[in-house]
Amino acid sequence: MTRSDWTPDQPILEIENLSISFFTRLREIPAVMDFSCTVLPGEAMGLVGESGCGKSTVALAVMRYLGKNGRITGGSIRFKGRDLTQMSDDELRRIRGSEIAMIYQEPMASLNPAMRIGAQLAEVPMIHRGMAKAEAWALARQIVADVRLPDPDRILQAYPHQLSGGQQQRIVIAMALMSKPALLILDEPTTALDVTVEAGIVDLVKELAEKYGTSMLFISHNLGLVMEVCDRLTVMYSGEAVETGSVAEVFDRMRHPYTQALFRSIPLPGADKNSRPLVAIPGNFPLPHERPKGCNFGPRCDYFAEGRCNAGDIAMAEVGPRHESRCLRVNEIDWSAPPVAKATQGKAEIGEVVLRMEDLRKYYEVTGGGVFGGGPAKVVKANETLSFEARAGETLAIVGESGCGKSTFAKVLMGLETATSGKIMLYDRDIQNTPIEKRNTDTVSGVQMVFQNPFDTLNPSMTVGRQIIRALEIFGQGASDEDRRERMLQLLDLVKLPRAFADRMPRQLSGGQKQRVGIARAFAGGAKVVVADEPVSALDVSVQAAVTDLLMDIQRENGTTLLFISHDLSIVRYLSDRVMVMYLGHVVELGTTDQVFQPPYHPYTEALLSAVPIADTHVQKKRIVLEGDIPSAMNPPPGCPFQTRCRWKSQVPGGLCEREVPPVRHLAGGHQIKCHLSDEALTTMEPVIKIAAE
Amino acid sequence: MAKFLFRRLFTMIATALCLTFIVFYLTNLPPNLEKIAKSEAGSRISDAEVESWLQKNGYAQPLLGRYGEWLGVLPGWTATAADGKVTGRCIARGADPAAAPRFCGVLQGNWGWSNVFKEPVSQIIATRLSLTGWLMLSVMALMVPVALLIGVLAGMREGSKLDRTLSTFSIATTATPEYVSGVLFITIFASSMTGLKWFKGSATSAMDDITFENFFLPVLTIALYGIGYIARMTRASMTEVMTAQYIRTALLKGVSFRQVVLRHALRNALIAPFTVIMLQFPWLLNGVVIVETLFNYKGFGWTLVQAAGNNDIDLLLGCSVVAVAVVLITQLISDIGYAWLNPRIRLS
Ligand SMILES: Nc1ncnc2c1ncn2[C@@H]1O[C@H](COP(=O)(O)OP(=O)(O)OP(=O)(O)O)[C@@H](O)[C@H]1O
Ligand code: SF4
Ligand code: SF4
Ligand SMILES: [Mg+2]
């Protein structure tokens, strides 16, 4: 079929000096410049970088699908020796889906909502191999079983909306594998999924790639994930590849300041926060049309040399075996020097109890679906008997996956919803039954929230300063307008934004800057308790560290109680004092950070810890992959909420797990676990994460 | 499904009752009644005589009662005149009062008597509606396929030359009302002015025998307006669908563009315009009024005009019942079809 003389020991994919631009009415946007990479047969190449650096553009260029305004302006993409950039539409169509297949970030959006799963799968061999319909469906059934979906026959007949996110992604993977492609492109395949589901998908992808000998181009912004999946990786920054090499080389012998900065900005379990503090990358990512002259990373680089780094274009240069870097000063930088440690500040004093919850429950009644409602009303138990205390100056992390009730809890605390039963005490006031409009300004300004998505929470038509002043007015702060303006400027100082930002509109800010404004607003009324609902998960890695640090600085200064809601255990471990793990509305484990991160674990915590990808080659992790998906809160299993996926269940005699909700067990040191496992079984648990000696 | 239908039927009946009551109320306003009395008993009668005529003919009862009689859920009125002669709603002229039924409303099939046509209303409606039925059927047969084709072709490649041409056409047709396009067609294709004379300018002969020659112009006139409208809806829906990620998935699976449009985009793109198409049905009744008058095709629309113009209460009520029924039934079909096209909606 190939006319060229490609043999299987040559690269599957060779991208050389690829440049891609988007042409808009205003200007040409060079999205990717001088990008090269090579993928050998059976190899998995990772592509890492922050949002907007051009990862997806490279992937879509390989597919030759750049939309109406995108164009390849230079370079070549050779697939099995044939240049894809020169191919006709017909030739491309024969390659797409049969030899190169793609898996996308949002599984729901990538499946046709009005077509049965089976039809969408069977289509692939029917087009490419002219297979008969019945045969194609049989193949689809087999592949669906291959991606470990239960009950393949039912799934083939289902429509996409009838499946969960994890199942949908498995279907997208199945679709890509229908014709056993030589190259698989995965564009952030797990970003939309929960960690434990992600772990399952990642396992599956690795196993299938091995089974079928498929090469992969794996795009991700998560270094830990890349380490787990890939053999080699390419780090991209602002449209360019800045470093490429094997995973071991790049992780342990990085030779580009950006790669180094990236690693220093993510929390790793191997290091504690004092000896290896997070170092945020200063400044912001340049927009494609505002790139500096010379090195793109120059303005943010610690090793920047005036007159050299900004003199002209810098080429990739060999720095080791199949290891290249785009930096002039590779040989001058002392790569083993430890990061300049910031003056370590002491922890804030932990004071008296500020917030106490007792047996808090929140049930929602939902009416059955359908066009006209009807059907029996169902009760969703979003929060079940939540009890805990939080003290002044303390950081309590609330961890769990989607649907576990984290956000409901935050809403009840904020007074956006009232509790079904139980008590919330702020200092000595009961606030569980007071909705927000009835709370006095003291309570309202005392409990504030920082939201996950800084993009939706700011009013787009009001200047930043104005929005903060509004918050001050609402909280009854300041005696006069001047007073409030002064306060506002101080708040900007507090969140480390230049005072000039007061006159900016939200759209002129980057994600991290918007999140800072959100934080400034939350602290406008001198909040005592701040609920931060995934405050950094919508932000880029390099910015996350800065925002996290900011939150902790403010906490230190003001003695604020921080309730930090997150699914990212690495960051939780880094910054919190105590951790509360939730699953399907239940608190399954509660303890100090050390207690929670070390055995004995609750079986769910154990799985969660194992699922979190860690970008450190020294860490050995026990692999625990949970079967199936998180049950729907509408329809929870009887007995222990975790029993459908628990690997320890068999250790509990008499099927107790399936019958009874386990009681809260109090272990030593105030550590609580909600599980039927006996003390003996608990002591046999091994640590999930081990750090190998260097 | 059965439950859904049942619930739906219930709301439909309730709506129909409300709507017919409103029409009943409007047609039975005092000035209208006075006009009836004058046209029946002589135009020069005094106010007192009007009063007593209304009294004798059962018009003086409370409105709700009369609505019930008309509907057939209350017994028809009877009155005994001074000479002992019994008259009543259900008693035909000259018939034996004792043999007359107690109820005689719409539910019993008694739709009343048309003052203008001097015929039972049910009969008029049956003949006129069937004439209009043919017209609507032909319009739908022309309008829907053409409109969908235009919409899909325009929407599948947004901004292409084809798209711009077809969109201009659709906008032009919706911007032209029927009375303008109808007159234009007649002058161009059916008058001696241009000498083309391809078609007939009047559809009167189509009432007995439909031919392409006598029927095409009225059909085209009604269809054209709808074509533009539906085509634009379809185009909007299609362009949106074509930017969806699953279209990208399909293209990158290696499906040809043609197949992507037919197999992946079409069904999704039809979900929104489907409702619009169904809503066109009752709206057609309205366009039909103009066109039937223009082409002198004595169908339902024409009848409606006559009834309204001559204060023919029973006929007007009858027409409104039919109109309400058409609207509600198309609504029902549209909901069921919508659920069928869109697997995310379930009827329960
Ligand atoms: N159709 C388009 N028109 C104009 N600019 C575009 C278009 N698509 C992408 N870009 C620009 O090209 C650059 C690279 O985008 P790309 O989507 O490849 O980034 P990415 O690395 O995949 O980011 P993410 O992690 O957010 O997916 C961005 O600056 C983006 O704004
Ligand atoms: S070239 Fe200069 S600015 Fe760029 S990464 Fe190297 S040292 Fe930093
Ligand atoms: S109670 Fe049983 S099912 Fe639940 S976590 Fe413990 S061992 Fe697992
Ligand atoms: Mg992307």
# chains A, B, ... in the order shown; residues from 1 in each chain; ligands from 1
>>> residues_near_ligand(ligand="ligand 2", cutoff="9 Å", atoms="only C-alpha atoms and all ligand atoms", output="PyMOL selection string")
chain A and resi 242+256-258+294-306+308-310+314+325-330+332-333
>>> residues_near_ligand(ligand="ligand 4", cutoff="8 Å", atoms="only C-alpha atoms and all ligand atoms", output="VMD selection string")
chain A and resid 51 to 52 54 to 57 105 187 to 188 219
>>> write_last_selection(atoms="C-alpha atoms", output="mmCIF file, in the first residue's frame")
data_model
loop_
_atom_site.group_PDB
_atom_site.id
_atom_site.type_symbol
_atom_site.label_atom_id
_atom_site.label_comp_id
_atom_site.auth_asym_id
_atom_site.auth_seq_id
_atom_site.Cartn_x
_atom_site.Cartn_y
_atom_site.Cartn_z
ATOM 1 C CA SER A 51 -2.570 25.656 28.056
ATOM 2 C CA GLY A 52 -2.222 27.442 24.741
ATOM 3 C CA GLY A 54 0.220 24.548 20.881
ATOM 4 C CA LYS A 55 -0.067 20.903 21.888
ATOM 5 C CA SER A 56 -3.471 20.313 20.350
ATOM 6 C CA THR A 57 -2.459 22.241 17.279
ATOM 7 C CA GLN A 105 -10.383 15.436 25.831
ATOM 8 C CA ASP A 187 -5.251 14.799 23.423
ATOM 9 C CA GLU A 188 -5.614 15.094 27.191
ATOM 10 C CA ILE A 219 -0.711 15.076 25.075
#
>>> select_by_dssp(residues="stretch 535-624 of chain A", states="helix (DSSP H, G or I)", output="number ranges by chain")
A: 541-558, 569-575, 593-597, 603-611
>>> residues_near_ligand(ligand="ligand 1", cutoff="8 Å", atoms="only C-alpha atoms and all ligand atoms", output="PyMOL selection string")
chain A and resi 21-24+29-32+49-59+66-70+187-188+220-221+238-239+287-288
>>> residues_near_ligand(ligand="ligand 3", cutoff="10 Å", atoms="only C-alpha atoms and all ligand atoms", output="PyMOL selection string")
chain A and resi 588+601-605+639-653+655-663+673-678+681-682
>>> residues_around(residues="B:Thr187", least_positions_apart="3", cutoff="12 Å", atoms="only C-alpha atoms", output="ChimeraX atom specification")
/B:180-184,190-202,217
>>> interface_residues(of="chain A", to="chain B", cutoff="7 Å", atoms="only C-alpha atoms", output="ChimeraX atom specification")
/A:93-94,96-97,101,109-112,114,124,127,161,370-371
>>> residues_around(residues="stretch 687-690 of chain A", least_positions_apart="6", cutoff="7 Å", atoms="only C-alpha atoms", output="PyMOL selection string")
chain A and resi 598-599+606+609-610+619-622
>>> write_last_selection(atoms="C-alpha atoms", output="short mmCIF file (atom, residue, chain, number, x, y, z; two decimals), in the first residue's frame")
data_model
loop_
_atom_site.label_atom_id
_atom_site.label_comp_id
_atom_site.auth_asym_id
_atom_site.auth_seq_id
_atom_site.Cartn_x
_atom_site.Cartn_y
_atom_site.Cartn_z
CA GLN A 598 0.17 6.82 55.83
CA PRO A 599 -1.35 3.44 56.55
CA GLU A 606 -5.60 3.97 49.48
CA LEU A 609 -3.46 7.87 46.64
CA SER A 610 -2.43 5.22 44.20
CA VAL A 619 8.68 7.32 43.77
CA GLN A 620 7.44 3.78 43.70
CA LYS A 621 3.74 3.46 43.79
CA LYS A 622 1.54 0.55 44.45
#
>>> residues_around(residues="stretch 57-60 of chain B", least_positions_apart="3", cutoff="8 Å", atoms="only C-alpha atoms", output="list in words")
Leu33, Trp53, Leu54, Arg66, Trp77, Thr78, Ala79, Gly88 and Arg89 of chain B
>>> write_last_selection(atoms="N, CA, C and O atoms", output="short mmCIF file (atom, residue, chain, number, x, y, z; two decimals), in the first residue's frame")
data_model
loop_
_atom_site.label_atom_id
_atom_site.label_comp_id
_atom_site.auth_asym_id
_atom_site.auth_seq_id
_atom_site.Cartn_x
_atom_site.Cartn_y
_atom_site.Cartn_z
N LEU B 33 -74.87 39.95 19.17
CA LEU B 33 -76.19 39.36 19.35
C LEU B 33 -77.25 40.28 18.76
O LEU B 33 -78.19 39.84 18.10
N TRP B 53 -86.62 39.21 21.38
CA TRP B 53 -86.23 38.19 20.41
C TRP B 53 -85.11 37.32 20.98
O TRP B 53 -85.13 36.11 20.90
N LEU B 54 -84.15 38.00 21.61
CA LEU B 54 -83.04 37.27 22.21
C LEU B 54 -83.57 36.32 23.29
O LEU B 54 -83.13 35.18 23.40
N ARG B 66 -74.86 28.98 28.12
CA ARG B 66 -75.01 28.80 26.67
C ARG B 66 -73.80 28.10 26.07
O ARG B 66 -73.93 27.33 25.13
N TRP B 77 -81.87 24.77 25.54
CA TRP B 77 -82.97 25.55 26.11
C TRP B 77 -84.27 25.22 25.40
O TRP B 77 -84.28 24.79 24.24
N THR B 78 -85.36 25.38 26.11
CA THR B 78 -86.67 25.28 25.47
C THR B 78 -87.48 26.47 25.95
O THR B 78 -87.24 27.00 27.04
N ALA B 79 -88.36 26.90 25.14
CA ALA B 79 -89.24 28.00 25.56
C ALA B 79 -90.64 27.72 25.02
O ALA B 79 -90.80 27.16 23.93
N GLY B 88 -87.03 25.41 20.87
CA GLY B 88 -85.86 25.09 21.69
C GLY B 88 -84.67 24.90 20.80
O GLY B 88 -84.78 24.80 19.58
N ARG B 89 -83.51 24.85 21.45
CA ARG B 89 -82.27 24.70 20.72
C ARG B 89 -82.23 23.40 19.95
O ARG B 89 -81.77 23.33 18.82
#
>>> atom_distance(atom1="atom CA of A:Val195", atom2="atom CA of A:Pro638")
23.8 Å
>>> residues_around(residues="A:Val464", least_positions_apart="5", cutoff="9 Å", atoms="only C-alpha atoms", output="number ranges by chain")
A: 458-459, 469, 501-506, 514, 517
>>> residues_around(residues="stretch 237-241 of chain B", least_positions_apart="6", cutoff="7 Å", atoms="only C-alpha atoms", output="PyMOL selection string")
chain B and resi 152+155-156+158+265+268-269+272
>>> closest_residue(among="B:Lys56, B:Ala154, B:Phe24, B:Glu119", to="B:Ser320", atoms="only C-alpha atoms")
B:Phe24
>>> atom_distance(atom1="atom CA of A:Arg516", atom2="atom CA of A:Ile436")
23.9 Å
>>> decode(residues="stretch 347-367 of chain A", atoms="N, CA, C and O atoms", output="PDB file, in the first residue's frame")
ATOM      1  N   LYS A 347       4.697  28.109  60.712  1.00  0.00           N
ATOM      2  CA  LYS A 347       3.266  27.875  60.546  1.00  0.00           C
ATOM      3  C   LYS A 347       2.488  28.877  61.388  1.00  0.00           C
ATOM      4  O   LYS A 347       2.956  29.346  62.413  1.00  0.00           O
ATOM      5  N   ALA A 348       1.294  29.167  60.933  1.00  0.00           N
ATOM      6  CA  ALA A 348       0.437  30.021  61.744  1.00  0.00           C
ATOM      7  C   ALA A 348       0.044  29.244  62.998  1.00  0.00           C
ATOM      8  O   ALA A 348      -0.076  28.032  62.979  1.00  0.00           O
ATOM      9  N   GLU A 349      -0.116  29.984  64.044  1.00  0.00           N
ATOM     10  CA  GLU A 349      -0.593  29.382  65.286  1.00  0.00           C
ATOM     11  C   GLU A 349      -1.971  28.783  65.065  1.00  0.00           C
ATOM     12  O   GLU A 349      -2.823  29.408  64.432  1.00  0.00           O
ATOM     13  N   ILE A 350      -2.171  27.594  65.561  1.00  0.00           N
ATOM     14  CA  ILE A 350      -3.525  27.041  65.454  1.00  0.00           C
ATOM     15  C   ILE A 350      -4.289  27.424  66.705  1.00  0.00           C
ATOM     16  O   ILE A 350      -3.839  27.165  67.827  1.00  0.00           O
ATOM     17  N   GLY A 351      -5.391  28.093  66.508  1.00  0.00           N
ATOM     18  CA  GLY A 351      -6.109  28.676  67.633  1.00  0.00           C
ATOM     19  C   GLY A 351      -7.304  27.857  68.060  1.00  0.00           C
ATOM     20  O   GLY A 351      -7.327  26.634  67.894  1.00  0.00           O
ATOM     21  N   GLU A 352      -8.297  28.549  68.577  1.00  0.00           N
ATOM     22  CA  GLU A 352      -9.465  27.838  69.098  1.00  0.00           C
ATOM     23  C   GLU A 352     -10.395  27.445  67.942  1.00  0.00           C
ATOM     24  O   GLU A 352     -10.194  27.826  66.801  1.00  0.00           O
ATOM     25  N   VAL A 353     -11.400  26.648  68.276  1.00  0.00           N
ATOM     26  CA  VAL A 353     -12.310  26.139  67.254  1.00  0.00           C
ATOM     27  C   VAL A 353     -13.144  27.284  66.694  1.00  0.00           C
ATOM     28  O   VAL A 353     -13.740  28.064  67.440  1.00  0.00           O
ATOM     29  N   VAL A 354     -13.168  27.411  65.379  1.00  0.00           N
ATOM     30  CA  VAL A 354     -13.921  28.478  64.738  1.00  0.00           C
ATOM     31  C   VAL A 354     -15.216  27.936  64.175  1.00  0.00           C
ATOM     32  O   VAL A 354     -16.266  28.544  64.254  1.00  0.00           O
ATOM     33  N   LEU A 355     -15.098  26.758  63.613  1.00  0.00           N
ATOM     34  CA  LEU A 355     -16.235  26.208  62.897  1.00  0.00           C
ATOM     35  C   LEU A 355     -16.431  24.776  63.367  1.00  0.00           C
ATOM     36  O   LEU A 355     -15.486  24.006  63.467  1.00  0.00           O
ATOM     37  N   ARG A 356     -17.686  24.460  63.650  1.00  0.00           N
ATOM     38  CA  ARG A 356     -17.958  23.089  64.072  1.00  0.00           C
ATOM     39  C   ARG A 356     -19.199  22.583  63.352  1.00  0.00           C
ATOM     40  O   ARG A 356     -20.216  23.270  63.268  1.00  0.00           O
ATOM     41  N   MET A 357     -19.105  21.397  62.817  1.00  0.00           N
ATOM     42  CA  MET A 357     -20.276  20.794  62.183  1.00  0.00           C
ATOM     43  C   MET A 357     -20.611  19.537  62.951  1.00  0.00           C
ATOM     44  O   MET A 357     -19.735  18.762  63.299  1.00  0.00           O
ATOM     45  N   GLU A 358     -21.892  19.371  63.217  1.00  0.00           N
ATOM     46  CA  GLU A 358     -22.305  18.166  63.914  1.00  0.00           C
ATOM     47  C   GLU A 358     -23.392  17.471  63.135  1.00  0.00           C
ATOM     48  O   GLU A 358     -24.451  18.046  62.888  1.00  0.00           O
ATOM     49  N   ASP A 359     -23.127  16.259  62.751  1.00  0.00           N
ATOM     50  CA  ASP A 359     -24.120  15.423  62.071  1.00  0.00           C
ATOM     51  C   ASP A 359     -24.870  16.150  60.973  1.00  0.00           C
ATOM     52  O   ASP A 359     -26.087  16.029  60.844  1.00  0.00           O
ATOM     53  N   LEU A 360     -24.141  16.907  60.232  1.00  0.00           N
ATOM     54  CA  LEU A 360     -24.808  17.664  59.182  1.00  0.00           C
ATOM     55  C   LEU A 360     -25.279  16.728  58.070  1.00  0.00           C
ATOM     56  O   LEU A 360     -24.552  15.862  57.597  1.00  0.00           O
ATOM     57  N   ARG A 361     -26.513  16.918  57.654  1.00  0.00           N
ATOM     58  CA  ARG A 361     -27.038  16.163  56.513  1.00  0.00           C
ATOM     59  C   ARG A 361     -27.634  17.124  55.512  1.00  0.00           C
ATOM     60  O   ARG A 361     -28.257  18.114  55.909  1.00  0.00           O
ATOM     61  N   LYS A 362     -27.454  16.803  54.249  1.00  0.00           N
ATOM     62  CA  LYS A 362     -28.144  17.577  53.221  1.00  0.00           C
ATOM     63  C   LYS A 362     -28.707  16.601  52.199  1.00  0.00           C
ATOM     64  O   LYS A 362     -27.964  15.873  51.540  1.00  0.00           O
ATOM     65  N   TYR A 363     -30.033  16.539  52.142  1.00  0.00           N
ATOM     66  CA  TYR A 363     -30.678  15.675  51.146  1.00  0.00           C
ATOM     67  C   TYR A 363     -31.360  16.572  50.122  1.00  0.00           C
ATOM     68  O   TYR A 363     -31.938  17.594  50.471  1.00  0.00           O
ATOM     69  N   TYR A 364     -31.292  16.171  48.905  1.00  0.00           N
ATOM     70  CA  TYR A 364     -32.050  16.879  47.867  1.00  0.00           C
ATOM     71  C   TYR A 364     -33.170  15.970  47.413  1.00  0.00           C
ATOM     72  O   TYR A 364     -32.980  14.771  47.284  1.00  0.00           O
ATOM     73  N   GLU A 365     -34.309  16.566  47.135  1.00  0.00           N
ATOM     74  CA  GLU A 365     -35.364  15.774  46.503  1.00  0.00           C
ATOM     75  C   GLU A 365     -35.355  16.090  45.037  1.00  0.00           C
ATOM     76  O   GLU A 365     -35.385  17.251  44.645  1.00  0.00           O
ATOM     77  N   VAL A 366     -35.304  15.079  44.238  1.00  0.00           N
ATOM     78  CA  VAL A 366     -35.367  15.344  42.798  1.00  0.00           C
ATOM     79  C   VAL A 366     -36.544  14.577  42.239  1.00  0.00           C
ATOM     80  O   VAL A 366     -36.819  13.459  42.643  1.00  0.00           O
ATOM     81  N   THR A 367     -37.222  15.207  41.296  1.00  0.00           N
ATOM     82  CA  THR A 367     -38.322  14.501  40.653  1.00  0.00           C
ATOM     83  C   THR A 367     -37.746  13.687  39.516  1.00  0.00           C
ATOM     84  O   THR A 367     -36.708  14.017  38.956  1.00  0.00           O
TER      85      THR A 367
END
